[in-house]
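Heads up, the thing below is written out as structure tokens.
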Amino acid sequence: MTNHDEAVAIRPLTLAWVGRHLDVGERVVRVQALQGGITAEMRRLTIGTRDGDTRDLVLRSFVDPFSVERADDWLNREAGALTLLAGTGVQAPGLVAVDPAAAHCEYPSLLMTHLAGRTALDDEGLEARVPLLARQLVAIHAVRPAERPPEYAALTTADTVVTPKGADAAVWAAAINVIRSPAPPYEGRFLHRDFQPGNVLFDVPPPRSADVRITGVVDWAATSWGPADLDVAHCSTNLALLHGPAWGLRFAEAYEEAGGVLAAAASERLYWQVRDGLAASEEVQQVAQLWRGEGRTELTTRAVEERLDAYVTTLMDTLG
């Protein structure tokens, strides 16, 4: 195997496991760390083939104690989702192998095919990307699995919300009260559960025209069963933090324009939007750091906090 930086090297047991899932005569010739994950270590593996060509795979490993405890569930969900999606029109990585309990690898791991494309997190071209994101999410929600994934997890509670510095305490208290109520009834859908721009790949390089297209959706480890509103709310929150509150509101409109169906009552929609916005309050620092690593250097923790405050305030203003 070609020598590579120790920081991105594959551990010996994991490398042997990967090797058992390659074709005869293939070997790992290059390892590259990938940006984009908060909970997992991601590696792009270049595989040398027998005919002298190369192909790429992606290795996901959960290495920190918090993630290792939950890896069995997450990797089984992802493996199930990738297997299911192989028979649909939703472009997702292909499953190669999974070791959810680290029976063979140093850490719980999943090996999958590599998708072409790159994430697009900048403001330029956003107006063309939002309808594409909405149509992609409608397609995901149209998937009908023979066996439902686990019910969604709420990710936040009224007692764990972190009110940003300088925020209007009364507005945030009112928002927190919204999620003290029981969740509204809903018609269940197949959810990605972390559908947002950081998990959607576009053409490389992304054209600066209406011809831009999505090449795939990644990170299916949180696949769940729940309300379409929850996936929409999650993408809305991310768009609001990346690009400003108006884009969070715009995404819900784009989802409906693409044929998606949200809760009939405005109060029910607000519940899911507020719930996801408040959930974001608990991980602002990690998300801001991740986005800065992907080129959005102006998104300091404080800048993201301010956008979150503005977004939650905008949502609460819709109550009149």
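In the structure tokens, chains take letters A, B, ... by order of appearance, with residues numbered from 1 within each chain and ligands from 1 in the order shown.
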
**OP:** Give me the residues within 6 Å of region 44-53 of chain A as a ChimeraX atom specification, counting only C-alpha atoms and dropping any in the same chain fewer than 5 places off.
**Re:** /A:25-32,58

Report as CSV: every residue of region 26-112 of chain A with an atom at most 10 Å from region 124-141 of chain A, its closest pair of atoms, and their distance in Å to one decimal, counting only C-alpha atoms, with rows sorted by chain and ascending residue number.
```
residue,atom,partner,partner_atom,distance
A:Leu85,CA,A:Ile140,CA,9.0
A:Thr88,CA,A:Ile140,CA,9.2
A:Gly89,CA,A:Ala139,CA,7.8
A:Val90,CA,A:Ile140,CA,6.6
A:Gln91,CA,A:Gln136,CA,9.4
```

Subject >> Contacts of Leu13 (chain A) at 9 Å (only C-alpha atoms; same-chain gap of 3+ positions) as a PyMOL selection string >> reply: chain A and resi 10+16-18+104-106

Keeping N, CA and C atoms for every residue in the selection just given, could you write it to a file as a tab-separated table (two decimals), in the first residue's frame?
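Contents of the output file result_35.tsv:
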```
chain	number	residue	atom	x	y	z
A	10	ILE	N	-5.39	4.06	7.65
A	10	ILE	CA	-6.38	3.09	8.13
A	10	ILE	C	-5.70	2.18	9.14
A	16	ALA	N	-7.32	-4.69	6.91
A	16	ALA	CA	-7.49	-6.10	6.53
A	16	ALA	C	-8.94	-6.41	6.19
A	17	TRP	N	-9.86	-5.82	6.96
A	17	TRP	CA	-11.30	-6.02	6.71
A	17	TRP	C	-11.69	-5.42	5.36
A	18	VAL	N	-11.20	-4.22	5.09
A	18	VAL	CA	-11.47	-3.60	3.78
A	18	VAL	C	-10.96	-4.51	2.67
A	104	HIS	N	-14.66	-7.00	13.55
A	104	HIS	CA	-13.48	-7.21	12.70
A	104	HIS	C	-12.55	-6.01	12.67
A	105	CYS	N	-13.09	-4.82	12.88
A	105	CYS	CA	-12.31	-3.58	12.80
A	105	CYS	C	-11.99	-3.06	14.20
A	106	GLU	N	-11.06	-2.10	14.26
A	106	GLU	CA	-10.76	-1.47	15.55
A	106	GLU	C	-11.97	-0.71	16.09
```

**OP:** If you run DSSP over the backbone, which residues in region 92-193 of chain A end up strand (DSSP E or B)? Put them as number ranges by chain.
**Re:** A: 95-99, 109-113, 118, 151, 188-191

Atoms kept (N, CA and C atoms) for selection, written as a compact mmCIF listing (two decimals), in the first residue's frame:
```
# COMPACT_ATOMS: atom_id res chain seq x y z
N LEU A 95 -23.86 0.11 -0.63
CA LEU A 95 -23.25 -0.57 0.52
C LEU A 95 -22.26 -1.63 0.03
N VAL A 96 -21.05 -1.60 0.58
CA VAL A 96 -20.05 -2.63 0.29
C VAL A 96 -19.95 -3.60 1.45
N ALA A 97 -19.81 -3.09 2.66
CA ALA A 97 -19.72 -3.95 3.85
C ALA A 97 -19.97 -3.10 5.09
N VAL A 98 -20.38 -3.76 6.18
CA VAL A 98 -20.61 -3.05 7.43
C VAL A 98 -20.18 -3.93 8.60
N ASP A 99 -19.55 -3.30 9.59
CA ASP A 99 -19.11 -3.98 10.81
C ASP A 99 -19.60 -3.15 11.99
N SER A 109 -17.52 0.30 11.75
CA SER A 109 -17.21 0.89 10.45
C SER A 109 -18.20 0.46 9.38
N LEU A 110 -18.27 1.28 8.33
CA LEU A 110 -19.09 0.98 7.16
C LEU A 110 -18.30 1.37 5.92
N LEU A 111 -18.31 0.50 4.93
CA LEU A 111 -17.61 0.73 3.67
C LEU A 111 -18.65 0.87 2.56
N MET A 112 -18.55 1.94 1.77
CA MET A 112 -19.55 2.21 0.74
C MET A 112 -18.89 2.78 -0.50
N THR A 113 -19.64 2.82 -1.58
CA THR A 113 -19.12 3.40 -2.81
C THR A 113 -19.03 4.92 -2.66
N ARG A 118 -19.82 17.44 -5.02
CA ARG A 118 -19.32 18.17 -3.84
C ARG A 118 -20.48 18.90 -3.18
N GLU A 151 -38.59 4.81 14.85
CA GLU A 151 -39.26 6.10 15.00
C GLU A 151 -38.21 7.20 15.24
N GLY A 188 -46.76 9.12 8.93
CA GLY A 188 -45.35 8.76 8.89
C GLY A 188 -44.78 8.70 7.49
N ARG A 189 -43.51 9.04 7.38
CA ARG A 189 -42.77 8.99 6.13
C ARG A 189 -41.36 8.45 6.41
N PHE A 190 -40.73 7.95 5.36
CA PHE A 190 -39.33 7.56 5.42
C PHE A 190 -38.50 8.84 5.46
N LEU A 191 -37.74 9.05 6.53
CA LEU A 191 -36.98 10.27 6.72
C LEU A 191 -35.48 10.03 6.61
```

Subject >> Selected residue of minimal separation from Ala79 (chain A) among A:Leu201, A:Ala240, A:Ala222, A:Ala288, counting only C-alpha atoms >> reply: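 Among the listed residues, A:Ala222 lies closest to Ala79 (chain A).
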
Original post:
Contacts of Ser181 (chain A) at 10 Å or less, counting only C-alpha atoms, minus same-chain residues fewer than 3 places along, as a PyMOL selection string?
Top reply: chain A and resi 158+176-178+184+271

Can those selected residues be exported to a file as a JSON list (two decimals), in the first residue's frame so that it contains N, CA and C atoms?
```json
[["chain", "number", "residue", "atom", "x", "y", "z"],
["A", 158, "ALA", "N", -37.28, 20.71, 26.22],
["A", 158, "ALA", "CA", -37.45, 22.08, 26.71],
["A", 158, "ALA", "C", -36.38, 22.44, 27.73],
["A", 176, "ILE", "N", -39.72, 27.77, 23.60],
["A", 176, "ILE", "CA", -39.54, 26.56, 24.40],
["A", 176, "ILE", "C", -40.88, 26.00, 24.85],
["A", 177, "ASN", "N", -41.82, 26.89, 25.15],
["A", 177, "ASN", "CA", -43.16, 26.43, 25.53],
["A", 177, "ASN", "C", -43.85, 25.69, 24.39],
["A", 178, "VAL", "N", -43.54, 26.07, 23.15],
["A", 178, "VAL", "CA", -44.14, 25.38, 22.01],
["A", 178, "VAL", "C", -43.81, 23.89, 22.06],
["A", 184, "PRO", "N", -47.71, 16.99, 17.48],
["A", 184, "PRO", "CA", -48.97, 16.85, 16.74],
["A", 184, "PRO", "C", -49.06, 15.47, 16.07],
["A", 271, "TYR", "N", -44.72, 23.87, 15.13],
["A", 271, "TYR", "CA", -44.17, 22.99, 16.16],
["A", 271, "TYR", "C", -42.88, 22.33, 15.68]]
```

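The space separating CA of Val274 (chain A) from CA of Pro149 (chain A) comes to 24.1 Å.
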
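With only C-alpha atoms as the atoms that count, the residue of A:Leu15, A:Ala221, A:Leu121, A:Ala102 with the shortest distance to Ala40 (chain A) is A:Ala221.
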
Original post:
What lies within 9 Å of region 303-306 of chain A using only C-alpha atoms, ignoring chain neighbours under 3 positions off, as a ChimeraX atom specification?
Top reply: /A:164-167,241-242,281,284-285,287-288,298-300,309-311

Original post:
Which polymer residues have any atom within 12 Å of an atom of Leu239 (chain A), counting only C-alpha atoms, with same-chain residues fewer than 5 positions away left out, as a PyMOL selection string?
Top reply: chain A and resi 120-123+126-127+129-130+133-134+195-198+232-234+244-252+277+280+304+307-308+311

**OP:** Find the spatial neighbours of Leu34 (chain A), counting only C-alpha atoms, within a cut-off of 12 Å - ignore same-chain residues fewer than 4 positions away - and output them as a VMD selection string.
**Re:** chain A and resid 7 to 8 38 40 to 45 57 to 61 114 118 to 119 290 293 to 294

Original post:
Tell me, which residues of region 177-287 of chain A carry DSSP alpha helix (DSSP H), written as a ChimeraX atom specification?
Top reply: /A:177-178,228-243,245-257,266-280,284-287

Original post:
Pick the closest to Thr156 (chain A) from A:Asp219, A:Leu315, A:Arg180, A:Pro93: which is it, counting only C-alpha atoms?
Top reply: A:Arg180
